[in-house]
file input01.pdb (PDB, C-alpha atoms, pLDDT in the B column)
ATOM      1  CA  MET A 498     -63.527 -20.617 -76.613  1.00 40.00           C
ATOM      2  CA  GLN A 499     -66.138 -18.290 -78.090  1.00 42.00           C
ATOM      3  CA  ARG A 500     -65.302 -14.788 -79.202  1.00 41.00           C
ATOM      4  CA  LEU A 501     -67.170 -12.501 -76.811  1.00 47.00           C
ATOM      5  CA  ALA A 502     -69.310  -9.538 -77.678  1.00 68.00           C
ATOM      6  CA  THR A 503     -68.640  -6.263 -75.932  1.00 80.00           C
ATOM      7  CA  GLU A 504     -70.424  -5.708 -72.633  1.00 85.00           C
ATOM      8  CA  THR A 505     -73.255  -3.299 -73.346  1.00 91.00           C
ATOM      9  CA  PRO A 506     -74.907  -1.145 -70.649  1.00 92.00           C
ATOM     10  CA  VAL A 507     -78.694  -1.362 -70.824  1.00 93.00           C
ATOM     11  CA  THR A 508     -81.499   0.579 -69.154  1.00 93.00           C
ATOM     12  CA  ILE A 509     -84.825  -1.128 -68.527  1.00 92.00           C
ATOM     13  CA  PRO A 510     -87.630   1.326 -67.710  1.00 91.00           C
ATOM     14  CA  LEU A 511     -90.250   0.444 -65.146  1.00 92.00           C
ATOM     15  CA  GLU A 512     -93.927   1.176 -65.641  1.00 83.00           C
ATOM     16  CA  GLY A 513     -95.133   4.628 -64.766  1.00 69.00           C
ATOM     17  CA  SER A 514     -92.528   6.928 -63.260  1.00 61.00           C
ATOM     18  CA  ARG A 515     -90.888   4.435 -60.935  1.00 75.00           C
ATOM     19  CA  GLY A 516     -87.457   4.804 -62.483  1.00 86.00           C
ATOM     20  CA  ALA A 517     -85.385   2.241 -64.314  1.00 91.00           C
ATOM     21  CA  LEU A 518     -83.182  -0.785 -63.773  1.00 92.00           C
ATOM     22  CA  HIS A 519     -79.608  -0.824 -65.030  1.00 91.00           C
ATOM     23  CA  GLY A 520     -77.766  -3.832 -66.402  1.00 93.00           C
ATOM     24  CA  ASP A 521     -74.804  -5.123 -68.385  1.00 93.00           C
ATOM     25  CA  LEU A 522     -75.547  -7.360 -71.374  1.00 95.00           C
ATOM     26  CA  VAL A 523     -73.099  -9.644 -73.182  1.00 94.00           C
ATOM     27  CA  VAL A 524     -74.263 -11.734 -76.147  1.00 93.00           C
ATOM     28  CA  PRO A 525     -71.617 -13.746 -78.028  1.00 89.00           C
ATOM     29  CA  GLY A 526     -72.322 -13.909 -81.750  1.00 83.00           C
ATOM     30  CA  SER A 527     -72.973 -17.638 -81.681  1.00 82.00           C
ATOM     31  CA  ALA A 528     -74.971 -17.618 -78.444  1.00 85.00           C
ATOM     32  CA  GLY A 529     -77.677 -20.242 -78.243  1.00 84.00           C
ATOM     33  CA  GLY A 530     -79.248 -18.658 -75.173  1.00 95.00           C
ATOM     34  CA  VAL A 531     -78.859 -15.940 -72.580  1.00 96.00           C
ATOM     35  CA  VAL A 532     -78.769 -16.180 -68.785  1.00 97.00           C
ATOM     36  CA  VAL A 533     -80.316 -13.460 -66.624  1.00 97.00           C
ATOM     37  CA  PHE A 534     -78.701 -13.091 -63.188  1.00 96.00           C
ATOM     38  CA  ALA A 535     -80.727 -12.279 -60.066  1.00 93.00           C
ATOM     39  CA  HIS A 536     -78.269 -11.312 -57.363  1.00 84.00           C
ATOM     40  CA  GLY A 537     -78.611 -12.007 -53.679  1.00 69.00           C
ATOM     41  CA  SER A 538     -79.546  -9.817 -50.754  1.00 64.00           C
ATOM     42  CA  GLY A 539     -77.401  -6.717 -50.395  1.00 61.00           C
ATOM     43  CA  SER A 540     -75.571  -7.321 -53.671  1.00 63.00           C
ATOM     44  CA  SER A 541     -75.770  -5.789 -57.152  1.00 68.00           C
ATOM     45  CA  ARG A 542     -74.921  -6.423 -60.795  1.00 77.00           C
ATOM     46  CA  ARG A 543     -71.310  -5.766 -59.849  1.00 81.00           C
ATOM     47  CA  SER A 544     -71.114  -8.882 -57.650  1.00 82.00           C
ATOM     48  CA  PRO A 545     -67.634 -10.332 -58.305  1.00 87.00           C
ATOM     49  CA  ARG A 546     -68.922 -13.893 -57.832  1.00 89.00           C
ATOM     50  CA  ASN A 547     -71.728 -13.526 -60.347  1.00 91.00           C
ATOM     51  CA  ARG A 548     -69.413 -11.733 -62.773  1.00 92.00           C
ATOM     52  CA  HIS A 549     -66.955 -14.600 -62.543  1.00 94.00           C
ATOM     53  CA  VAL A 550     -69.678 -17.139 -63.296  1.00 95.00           C
ATOM     54  CA  ALA A 551     -71.044 -14.934 -66.105  1.00 95.00           C
ATOM     55  CA  SER A 552     -67.601 -14.723 -67.702  1.00 95.00           C
ATOM     56  CA  LEU A 553     -67.291 -18.507 -67.755  1.00 96.00           C
ATOM     57  CA  LEU A 554     -70.790 -18.831 -69.220  1.00 96.00           C
ATOM     58  CA  ASN A 555     -69.768 -16.360 -71.936  1.00 94.00           C
ATOM     59  CA  ASP A 556     -66.695 -18.505 -72.638  1.00 94.00           C
ATOM     60  CA  GLY A 557     -69.095 -21.421 -73.023  1.00 94.00           C
ATOM     61  CA  GLY A 558     -71.156 -19.611 -75.649  1.00 93.00           C
ATOM     62  CA  LEU A 559     -74.002 -18.208 -73.573  1.00 95.00           C
ATOM     63  CA  GLY A 560     -75.095 -14.602 -73.308  1.00 95.00           C
ATOM     64  CA  THR A 561     -75.528 -13.006 -69.901  1.00 96.00           C
ATOM     65  CA  LEU A 562     -77.406 -10.097 -68.382  1.00 96.00           C
ATOM     66  CA  LEU A 563     -76.435  -8.855 -64.940  1.00 95.00           C
ATOM     67  CA  PHE A 564     -78.779  -6.161 -63.659  1.00 92.00           C
ATOM     68  CA  ASP A 565     -79.781  -4.356 -60.497  1.00 88.00           C
ATOM     69  CA  LEU A 566     -83.071  -5.535 -59.018  1.00 85.00           C
ATOM     70  CA  LEU A 567     -83.663  -2.152 -57.389  1.00 82.00           C
ATOM     71  CA  THR A 568     -83.620   1.382 -58.770  1.00 82.00           C
ATOM     72  CA  GLU A 569     -80.932   3.767 -57.557  1.00 79.00           C
ATOM     73  CA  ASP A 570     -83.378   5.474 -55.186  1.00 77.00           C
ATOM     74  CA  GLU A 571     -84.556   2.126 -53.807  1.00 75.00           C
ATOM     75  CA  GLU A 572     -80.991   0.978 -53.281  1.00 74.00           C
ATOM     76  CA  ALA A 573     -80.307   4.125 -51.245  1.00 72.00           C
ATOM     77  CA  VAL A 574     -83.322   3.336 -49.045  1.00 72.00           C
ATOM     78  CA  ASP A 575     -82.407  -0.345 -48.783  1.00 64.00           C
ATOM     79  CA  MET A 576     -78.879   0.535 -47.649  1.00 72.00           C
ATOM     80  CA  ARG A 577     -80.491   2.080 -44.564  1.00 72.00           C
ATOM     81  CA  THR A 578     -83.358  -0.344 -43.935  1.00 71.00           C
ATOM     82  CA  GLY A 579     -82.376  -3.637 -45.586  1.00 66.00           C
ATOM     83  CA  HIS A 580     -86.026  -4.601 -46.120  1.00 67.00           C
ATOM     84  CA  LEU A 581     -86.395  -4.440 -49.907  1.00 71.00           C
ATOM     85  CA  ARG A 582     -83.732  -7.079 -50.514  1.00 69.00           C
ATOM     86  CA  PHE A 583     -85.996  -9.617 -48.789  1.00 78.00           C
ATOM     87  CA  ASP A 584     -89.193  -8.588 -50.595  1.00 87.00           C
ATOM     88  CA  ILE A 585     -89.368 -11.648 -52.850  1.00 93.00           C
ATOM     89  CA  ASP A 586     -92.560 -10.544 -54.610  1.00 93.00           C
ATOM     90  CA  LEU A 587     -90.977  -7.191 -55.508  1.00 91.00           C
ATOM     91  CA  LEU A 588     -87.744  -8.799 -56.692  1.00 92.00           C
ATOM     92  CA  ALA A 589     -89.663 -11.359 -58.764  1.00 95.00           C
ATOM     93  CA  SER A 590     -91.766  -8.617 -60.375  1.00 94.00           C
ATOM     94  CA  ARG A 591     -88.580  -6.805 -61.356  1.00 93.00           C
ATOM     95  CA  LEU A 592     -87.160  -9.986 -62.849  1.00 96.00           C
ATOM     96  CA  VAL A 593     -90.380 -10.508 -64.817  1.00 97.00           C
ATOM     97  CA  ARG A 594     -90.062  -6.952 -66.161  1.00 95.00           C
ATOM     98  CA  VAL A 595     -86.518  -7.725 -67.306  1.00 95.00           C
ATOM     99  CA  LEU A 596     -87.605 -10.982 -68.936  1.00 97.00           C
ATOM    100  CA  GLU A 597     -90.338  -9.132 -70.823  1.00 96.00           C
ATOM    101  CA  TRP A 598     -87.773  -6.571 -71.960  1.00 95.00           C
ATOM    102  CA  MET A 599     -85.459  -9.369 -73.088  1.00 94.00           C
ATOM    103  CA  ALA A 600     -88.247 -10.880 -75.178  1.00 94.00           C
ATOM    104  CA  GLN A 601     -88.384  -7.626 -77.176  1.00 94.00           C
ATOM    105  CA  ALA A 602     -84.704  -6.652 -77.234  1.00 91.00           C
ATOM    106  CA  PRO A 603     -83.155  -7.066 -80.709  1.00 89.00           C
ATOM    107  CA  GLU A 604     -80.011  -8.589 -79.186  1.00 86.00           C
ATOM    108  CA  ALA A 605     -81.857 -11.344 -77.313  1.00 89.00           C
ATOM    109  CA  ARG A 606     -85.403 -11.834 -78.554  1.00 88.00           C
ATOM    110  CA  GLU A 607     -84.448 -14.855 -80.671  1.00 89.00           C
ATOM    111  CA  LEU A 608     -82.672 -16.551 -77.756  1.00 93.00           C
ATOM    112  CA  SER A 609     -83.994 -18.856 -75.076  1.00 95.00           C
ATOM    113  CA  VAL A 610     -83.554 -17.540 -71.541  1.00 97.00           C
ATOM    114  CA  GLY A 611     -82.358 -19.069 -68.299  1.00 98.00           C
ATOM    115  CA  CYS A 612     -82.225 -17.522 -64.830  1.00 98.00           C
ATOM    116  CA  PHE A 613     -79.298 -17.770 -62.424  1.00 97.00           C
ATOM    117  CA  GLY A 614     -80.197 -16.752 -58.879  1.00 95.00           C
ATOM    118  CA  ALA A 615     -78.088 -16.382 -55.752  1.00 93.00           C
ATOM    119  CA  SER A 616     -79.367 -16.167 -52.168  1.00 91.00           C
ATOM    120  CA  THR A 617     -82.758 -14.381 -52.218  1.00 92.00           C
ATOM    121  CA  GLY A 618     -82.353 -13.929 -55.973  1.00 93.00           C
ATOM    122  CA  ALA A 619     -82.897 -17.673 -56.360  1.00 96.00           C
ATOM    123  CA  ALA A 620     -86.361 -17.362 -54.825  1.00 96.00           C
ATOM    124  CA  ALA A 621     -87.114 -14.406 -57.105  1.00 96.00           C
ATOM    125  CA  ALA A 622     -86.014 -16.469 -60.115  1.00 97.00           C
ATOM    126  CA  LEU A 623     -88.312 -19.349 -59.183  1.00 98.00           C
ATOM    127  CA  VAL A 624     -91.295 -17.063 -58.589  1.00 98.00           C
ATOM    128  CA  ALA A 625     -90.645 -15.348 -61.937  1.00 98.00           C
ATOM    129  CA  ALA A 626     -90.397 -18.753 -63.633  1.00 98.00           C
ATOM    130  CA  ALA A 627     -93.745 -19.731 -62.115  1.00 98.00           C
ATOM    131  CA  LEU A 628     -95.379 -16.460 -63.182  1.00 98.00           C
ATOM    132  CA  ARG A 629     -93.991 -16.458 -66.731  1.00 98.00           C
ATOM    133  CA  PRO A 630     -93.183 -20.041 -67.753  1.00 98.00           C
ATOM    134  CA  ASP A 631     -93.196 -18.866 -71.370  1.00 97.00           C
ATOM    135  CA  LEU A 632     -90.154 -16.672 -70.709  1.00 97.00           C
ATOM    136  CA  VAL A 633     -87.948 -18.933 -68.551  1.00 98.00           C
ATOM    137  CA  ASP A 634     -86.496 -22.158 -69.924  1.00 98.00           C
ATOM    138  CA  ALA A 635     -84.303 -23.145 -66.956  1.00 98.00           C
ATOM    139  CA  VAL A 636     -83.271 -21.998 -63.480  1.00 98.00           C
ATOM    140  CA  VAL A 637     -79.995 -22.423 -61.586  1.00 98.00           C
ATOM    141  CA  SER A 638     -79.617 -21.472 -57.934  1.00 98.00           C
ATOM    142  CA  ARG A 639     -76.211 -20.827 -56.297  1.00 96.00           C
ATOM    143  CA  GLY A 640     -76.257 -20.947 -52.523  1.00 95.00           C
ATOM    144  CA  GLY A 641     -79.844 -19.859 -52.863  1.00 95.00           C
ATOM    145  CA  ARG A 642     -82.946 -19.698 -50.714  1.00 96.00           C
ATOM    146  CA  PRO A 643     -85.450 -21.465 -52.983  1.00 97.00           C
ATOM    147  CA  ASP A 644     -87.534 -22.185 -49.889  1.00 96.00           C
ATOM    148  CA  LEU A 645     -88.515 -18.491 -49.891  1.00 96.00           C
ATOM    149  CA  ALA A 646     -90.437 -19.078 -53.132  1.00 96.00           C
ATOM    150  CA  GLY A 647     -92.984 -20.795 -50.889  1.00 92.00           C
ATOM    151  CA  ARG A 648     -96.240 -21.956 -52.394  1.00 93.00           C
ATOM    152  CA  VAL A 649     -95.208 -21.405 -56.008  1.00 97.00           C
ATOM    153  CA  LEU A 650     -92.563 -24.156 -55.927  1.00 98.00           C
ATOM    154  CA  PRO A 651     -94.918 -26.947 -57.102  1.00 98.00           C
ATOM    155  CA  THR A 652     -96.007 -24.776 -60.063  1.00 98.00           C
ATOM    156  CA  VAL A 653     -92.527 -24.197 -61.509  1.00 98.00           C
ATOM    157  CA  VAL A 654     -92.116 -26.014 -64.820  1.00 98.00           C
ATOM    158  CA  ALA A 655     -88.631 -24.772 -65.800  1.00 98.00           C
ATOM    159  CA  PRO A 656     -85.923 -27.404 -65.153  1.00 98.00           C
ATOM    160  CA  THR A 657     -84.216 -26.330 -61.927  1.00 98.00           C
ATOM    161  CA  LEU A 658     -80.711 -27.004 -60.623  1.00 98.00           C
ATOM    162  CA  LEU A 659     -79.935 -26.202 -56.989  1.00 98.00           C
ATOM    163  CA  ILE A 660     -76.218 -25.821 -56.136  1.00 98.00           C
ATOM    164  CA  VAL A 661     -75.145 -25.640 -52.501  1.00 98.00           C
ATOM    165  CA  GLY A 662     -71.797 -25.675 -50.719  1.00 98.00           C
ATOM    166  CA  GLY A 663     -70.993 -28.876 -48.851  1.00 98.00           C
ATOM    167  CA  ARG A 664     -70.222 -26.919 -45.680  1.00 98.00           C
ATOM    168  CA  ASP A 665     -73.304 -24.699 -45.917  1.00 98.00           C
ATOM    169  CA  TYR A 666     -75.265 -27.079 -43.706  1.00 97.00           C
ATOM    170  CA  GLU A 667     -78.358 -24.990 -42.926  1.00 97.00           C
ATOM    171  CA  VAL A 668     -78.820 -23.986 -46.566  1.00 97.00           C
ATOM    172  CA  ILE A 669     -78.422 -27.600 -47.690  1.00 98.00           C
ATOM    173  CA  ALA A 670     -81.411 -28.509 -45.535  1.00 98.00           C
ATOM    174  CA  LEU A 671     -83.459 -25.627 -46.925  1.00 98.00           C
ATOM    175  CA  ASN A 672     -82.603 -26.667 -50.486  1.00 98.00           C
ATOM    176  CA  GLU A 673     -83.509 -30.286 -49.789  1.00 98.00           C
ATOM    177  CA  ASP A 674     -86.903 -29.129 -48.561  1.00 97.00           C
ATOM    178  CA  ALA A 675     -87.415 -26.975 -51.664  1.00 98.00           C
ATOM    179  CA  LEU A 676     -86.275 -29.818 -53.933  1.00 98.00           C
ATOM    180  CA  ALA A 677     -88.951 -32.081 -52.475  1.00 98.00           C
ATOM    181  CA  ARG A 678     -91.626 -29.507 -53.269  1.00 98.00           C
ATOM    182  CA  LEU A 679     -90.555 -28.911 -56.871  1.00 98.00           C
ATOM    183  CA  ARG A 680     -92.352 -31.050 -59.460  1.00 98.00           C
ATOM    184  CA  CYS A 681     -90.317 -30.044 -62.513  1.00 98.00           C
ATOM    185  CA  GLN A 682     -87.118 -31.613 -63.841  1.00 98.00           C
ATOM    186  CA  LYS A 683     -84.802 -30.956 -60.900  1.00 98.00           C
ATOM    187  CA  ARG A 684     -81.476 -31.755 -59.280  1.00 98.00           C
ATOM    188  CA  LEU A 685     -79.479 -30.815 -56.189  1.00 98.00           C
ATOM    189  CA  GLU A 686     -75.696 -30.584 -56.503  1.00 98.00           C
ATOM    190  CA  VAL A 687     -73.538 -30.237 -53.380  1.00 98.00           C
ATOM    191  CA  VAL A 688     -70.047 -28.833 -53.996  1.00 98.00           C
ATOM    192  CA  PRO A 689     -67.623 -30.525 -51.559  1.00 97.00           C
ATOM    193  CA  GLY A 690     -65.729 -28.223 -49.217  1.00 97.00           C
ATOM    194  CA  ALA A 691     -67.583 -25.063 -50.236  1.00 98.00           C
ATOM    195  CA  THR A 692     -69.132 -22.632 -47.786  1.00 97.00           C
ATOM    196  CA  HIS A 693     -72.052 -20.306 -48.513  1.00 95.00           C
ATOM    197  CA  LEU A 694     -70.185 -17.822 -50.747  1.00 92.00           C
ATOM    198  CA  PHE A 695     -68.060 -20.432 -52.565  1.00 96.00           C
ATOM    199  CA  GLU A 696     -64.878 -18.581 -51.619  1.00 95.00           C
ATOM    200  CA  GLU A 697     -62.730 -21.721 -51.505  1.00 97.00           C
ATOM    201  CA  PRO A 698     -60.341 -22.199 -54.473  1.00 97.00           C
ATOM    202  CA  GLY A 699     -62.013 -23.825 -57.450  1.00 97.00           C
ATOM    203  CA  THR A 700     -65.492 -24.033 -55.950  1.00 97.00           C
ATOM    204  CA  LEU A 701     -66.955 -21.138 -57.942  1.00 97.00           C
ATOM    205  CA  ASP A 702     -65.537 -22.628 -61.129  1.00 98.00           C
ATOM    206  CA  THR A 703     -67.362 -25.845 -60.245  1.00 98.00           C
ATOM    207  CA  VAL A 704     -70.585 -23.851 -59.892  1.00 98.00           C
ATOM    208  CA  ALA A 705     -70.033 -22.316 -63.331  1.00 97.00           C
ATOM    209  CA  GLN A 706     -69.357 -25.717 -64.911  1.00 98.00           C
ATOM    210  CA  LEU A 707     -72.518 -27.191 -63.396  1.00 98.00           C
ATOM    211  CA  ALA A 708     -74.569 -24.177 -64.480  1.00 98.00           C
ATOM    212  CA  LEU A 709     -73.112 -24.224 -67.992  1.00 97.00           C
ATOM    213  CA  ALA A 710     -73.981 -27.894 -68.459  1.00 97.00           C
ATOM    214  CA  TRP A 711     -77.539 -27.310 -67.193  1.00 98.00           C
ATOM    215  CA  PHE A 712     -78.137 -24.305 -69.411  1.00 97.00           C
ATOM    216  CA  HIS A 713     -76.629 -26.025 -72.440  1.00 96.00           C
ATOM    217  CA  ARG A 714     -79.123 -28.813 -71.899  1.00 96.00           C
ATOM    218  CA  TYR A 715     -82.234 -26.686 -71.502  1.00 96.00           C
ATOM    219  CA  VAL A 716     -81.550 -23.211 -72.924  1.00 93.00           C
ATOM    220  CA  ARG A 717     -81.325 -23.300 -76.708  1.00 75.00           C
ATOM    221  CA  ARG A 718     -81.841 -20.883 -79.568  1.00 64.00           C
ATOM    222  CA  LYS A 719     -85.504 -20.596 -80.495  1.00 61.00           C
ATOM    223  CA  PRO A 720     -86.405 -22.173 -83.838  1.00 56.00           C
ATOM    224  CA  ALA A 721     -86.629 -19.612 -86.596  1.00 55.00           C
ATOM    225  CA  GLU A 722     -90.133 -18.738 -87.669  1.00 48.00           C
ATOM    226  CA  THR A 723     -90.824 -19.811 -91.211  1.00 34.00           C
ATOM    227  CA  THR A 724     -93.377 -18.363 -93.542  1.00 33.00           C
ATOM    228  CA  ALA A 725     -94.956 -20.706 -96.058  1.00 37.00           C
ATOM    229  CA  VAL A 726     -94.609 -19.450 -99.611  1.00 37.00           C
ATOM    230  CA  SER A 727     -97.032 -20.857-102.175  1.00 37.00           C
ATOM    231  CA  ASP A 728     -95.845 -21.865-105.597  1.00 37.00           C
ATOM    232  CA  PRO A 729     -96.547 -19.242-108.253  1.00 37.00           C
ATOM    233  CA  ASP A 730     -99.395 -19.937-110.589  1.00 37.00           C
ATOM    234  CA  PRO A 731     -98.189 -21.785-113.687  1.00 36.00           C
ATOM    235  CA  ASP A 732     -98.158 -19.832-116.948  1.00 34.00           C
TER
END
call {"tool": "encode", "arguments": {"input": "input01.pdb", "output": "structure tokens"}}
result
Amino acid sequence: MQRLATETPVTIPLEGSRGALHGDLVVPGSAGGVVVFAHGSGSSRRSPRNRHVASLLNDGGLGTLLFDLLTEDEEAVDMRTGHLRFDIDLLASRLVRVLEWMAQAPEARELSVGCFGASTGAAAALVAAALRPDLVDAVVSRGGRPDLAGRVLPTVVAPTLLIVGGRDYEVIALNEDALARLRCQKRLEVVPGATHLFEEPGTLDTVAQLALAWFHRYVRRKPAETTAVSDPDPD
């Protein structure tokens, strides 16, 4: 088991005066990559399911960033209206902003990055991966709605793993449709006995194990840049 770094609160400013996004970053000292979580509709960075998966990824040597897709003011509005949580373009733009921040952050800029999306967050992760293929090395969806990524699905190049509960019948069908439209390295894993939220004993651990194996395969530390040094002139 890896020794874990302390969870560090981070603030990611948005352009202009639109506020900021808040997150919790953990980067083990030997991390080969970091996984950015995009939570589902009506959830937040405090999602107990995502935190459980993140903890197991940390144990497996991966860094994690859980963050809120909406600002505090937007969350207050969304609590009343519920419309922002389904605005996939908005959520994807926020994820792109976080990925750009990660690429500059001293703690993570040398690490490859994967995205872990749940519910509508899975669609946001796939759209972000299509928009910034240079910043996303792999995507994992848990009980997600990848179908909501729509027309961008064929343009995603990041290897994508779709995980669905075996008793989440409608979402299985939606994931099968999305899988057929993806042209990247891809796989669909169905967890037997699991419903949409993976509340059954052991099912969320299975999700974490599948995600860990996928990220270990595709999310690796970036090669160190080397600077050529010429031999000194002989005396």
call {"tool": "resolve_selection", "arguments": {"input": "input01.pdb", "expression": "the PyMOL selection byres ((chain A and resi 710) around 12)", "output": "PDB file with C-alpha atoms, keeping the file's coordinate frame"}}
result
ATOM      1  CA  LEU A 553     -67.291 -18.507 -67.755  1.00 96.00           C
ATOM      2  CA  LEU A 554     -70.790 -18.831 -69.220  1.00 96.00           C
ATOM      3  CA  GLY A 557     -69.095 -21.421 -73.023  1.00 94.00           C
ATOM      4  CA  GLY A 558     -71.156 -19.611 -75.649  1.00 93.00           C
ATOM      5  CA  LEU A 559     -74.002 -18.208 -73.573  1.00 95.00           C
ATOM      6  CA  ALA A 635     -84.303 -23.145 -66.956  1.00 98.00           C
ATOM      7  CA  VAL A 637     -79.995 -22.423 -61.586  1.00 98.00           C
ATOM      8  CA  LEU A 658     -80.711 -27.004 -60.623  1.00 98.00           C
ATOM      9  CA  THR A 703     -67.362 -25.845 -60.245  1.00 98.00           C
ATOM     10  CA  VAL A 704     -70.585 -23.851 -59.892  1.00 98.00           C
ATOM     11  CA  ALA A 705     -70.033 -22.316 -63.331  1.00 97.00           C
ATOM     12  CA  GLN A 706     -69.357 -25.717 -64.911  1.00 98.00           C
ATOM     13  CA  LEU A 707     -72.518 -27.191 -63.396  1.00 98.00           C
ATOM     14  CA  ALA A 708     -74.569 -24.177 -64.480  1.00 98.00           C
ATOM     15  CA  LEU A 709     -73.112 -24.224 -67.992  1.00 97.00           C
ATOM     16  CA  TRP A 711     -77.539 -27.310 -67.193  1.00 98.00           C
ATOM     17  CA  PHE A 712     -78.137 -24.305 -69.411  1.00 97.00           C
ATOM     18  CA  HIS A 713     -76.629 -26.025 -72.440  1.00 96.00           C
ATOM     19  CA  ARG A 714     -79.123 -28.813 -71.899  1.00 96.00           C
ATOM     20  CA  TYR A 715     -82.234 -26.686 -71.502  1.00 96.00           C
ATOM     21  CA  VAL A 716     -81.550 -23.211 -72.924  1.00 93.00           C
ATOM     22  CA  ARG A 717     -81.325 -23.300 -76.708  1.00 75.00           C
TER      23      ARG A 717
END
call {"tool": "closest_residue", "arguments": {"input": "input01.pdb", "among": "A:Ala600, A:Leu587, A:Cys681, A:Ala646", "to": "Thr568 in chain A", "atoms": "all atoms listed in the file"}}
result
A:Leu587
call {"tool": "atom_distance", "arguments": {"input": "input01.pdb", "atom1": "CA of Asp570 in chain A", "atom2": "CA of Leu623 in chain A"}}
result
25.6 Å
call {"tool": "atom_distance", "arguments": {"input": "input01.pdb", "atom1": "CA of Val654 in chain A", "atom2": "CA of Ala625 in chain A"}}
result
11.1 Å
call {"tool": "closest_residue", "arguments": {"input": "input01.pdb", "among": "A:Glu686, A:Gly530, A:Asp665, A:Gly516", "to": "Ala605 in chain A", "atoms": "all atoms listed in the file"}}
result
A:Gly530
call {"tool": "atom_distance", "arguments": {"input": "input01.pdb", "atom1": "CA of Ala619 in chain A", "atom2": "CA of Val593 in chain A"}}
result
13.4 Å
call {"tool": "closest_residue", "arguments": {"input": "input01.pdb", "among": "A:Leu592, A:Arg577, A:Ser527, A:Glu667", "to": "Glu604 in chain A", "atoms": "all atoms listed in the file"}}
result
A:Ser527
call {"tool": "residues_around", "arguments": {"input": "input01.pdb", "residues": "Val524 in chain A", "least_positions_apart": "4", "cutoff": "10 Å", "atoms": "all atoms listed in the file", "output": "ChimeraX atom specification"}}
result
/A:500-505,528-532,555,558-562,604-605,608
call {"tool": "resolve_selection", "arguments": {"input": "input01.pdb", "expression": "the PyMOL selection byres ((chain A and resi 508) around 12)", "output": "list in words"}}
result
Thr505, Pro506, Val507, Ile509, Pro510, Leu511, Gly516, Ala517, Leu518, His519, Gly520, Asp521, Leu522, Leu562, Leu563, Phe564, Asp565, Leu566, Thr568, Arg594, Val595, Trp598, Met599 and Ala602 of chain A
call {"tool": "resolve_selection", "arguments": {"input": "input01.pdb", "expression": "the PyMOL selection byres ((chain A and resi 609-618) around 8)", "output": "ChimeraX atom specification"}}
result
/A:529-538,582-583,585,588,606-608,619-622,632-643,645,712,716-719
call {"tool": "closest_residue", "arguments": {"input": "input01.pdb", "among": "A:Leu671, A:Ala691, A:Leu679, A:Ala573", "to": "Thr652 in chain A", "atoms": "only C-alpha atoms"}}
result
A:Leu679
call {"tool": "closest_residue", "arguments": {"input": "input01.pdb", "among": "A:Leu659, A:Val653, A:Val550, A:Val523", "to": "Asp631 in chain A", "atoms": "all atoms listed in the file"}}
result
A:Val653
call {"tool": "decode", "arguments": {"input": "input01.pdb", "residues": "range 638-649 of chain A", "atoms": "N, CA and C atoms", "output": "compact mmCIF listing (two decimals), in the first residue's frame"}}
result
# COMPACT_ATOMS: atom_id res chain seq x y z
N SER A 638 -16.10 5.60 -16.68
CA SER A 638 -17.46 6.01 -16.36
C SER A 638 -18.08 5.00 -15.39
N ARG A 639 -18.65 5.51 -14.28
CA ARG A 639 -19.36 4.64 -13.32
C ARG A 639 -20.86 4.96 -13.36
N GLY A 640 -21.63 4.00 -13.82
CA GLY A 640 -23.07 4.24 -13.87
C GLY A 640 -23.39 5.51 -14.62
N GLY A 641 -22.62 5.77 -15.66
CA GLY A 641 -22.68 7.06 -16.33
C GLY A 641 -23.69 7.14 -17.46
N ARG A 642 -23.81 8.34 -17.99
CA ARG A 642 -24.65 8.62 -19.15
C ARG A 642 -23.77 9.09 -20.30
N PRO A 643 -22.90 8.22 -20.80
CA PRO A 643 -22.03 8.62 -21.91
C PRO A 643 -22.81 8.99 -23.16
N ASP A 644 -24.04 8.48 -23.27
CA ASP A 644 -24.88 8.82 -24.42
C ASP A 644 -25.12 10.32 -24.52
N LEU A 645 -25.07 11.03 -23.36
CA LEU A 645 -25.32 12.47 -23.37
C LEU A 645 -24.16 13.26 -23.97
N ALA A 646 -23.03 12.58 -24.23
CA ALA A 646 -21.93 13.25 -24.93
C ALA A 646 -22.24 13.42 -26.41
N GLY A 647 -23.24 12.70 -26.89
CA GLY A 647 -23.77 12.92 -28.24
C GLY A 647 -22.77 12.78 -29.36
N ARG A 648 -22.71 13.82 -30.18
CA ARG A 648 -21.94 13.76 -31.43
C ARG A 648 -20.43 13.69 -31.23
N VAL A 649 -19.95 14.02 -30.03
CA VAL A 649 -18.50 14.00 -29.84
C VAL A 649 -17.96 12.59 -29.62
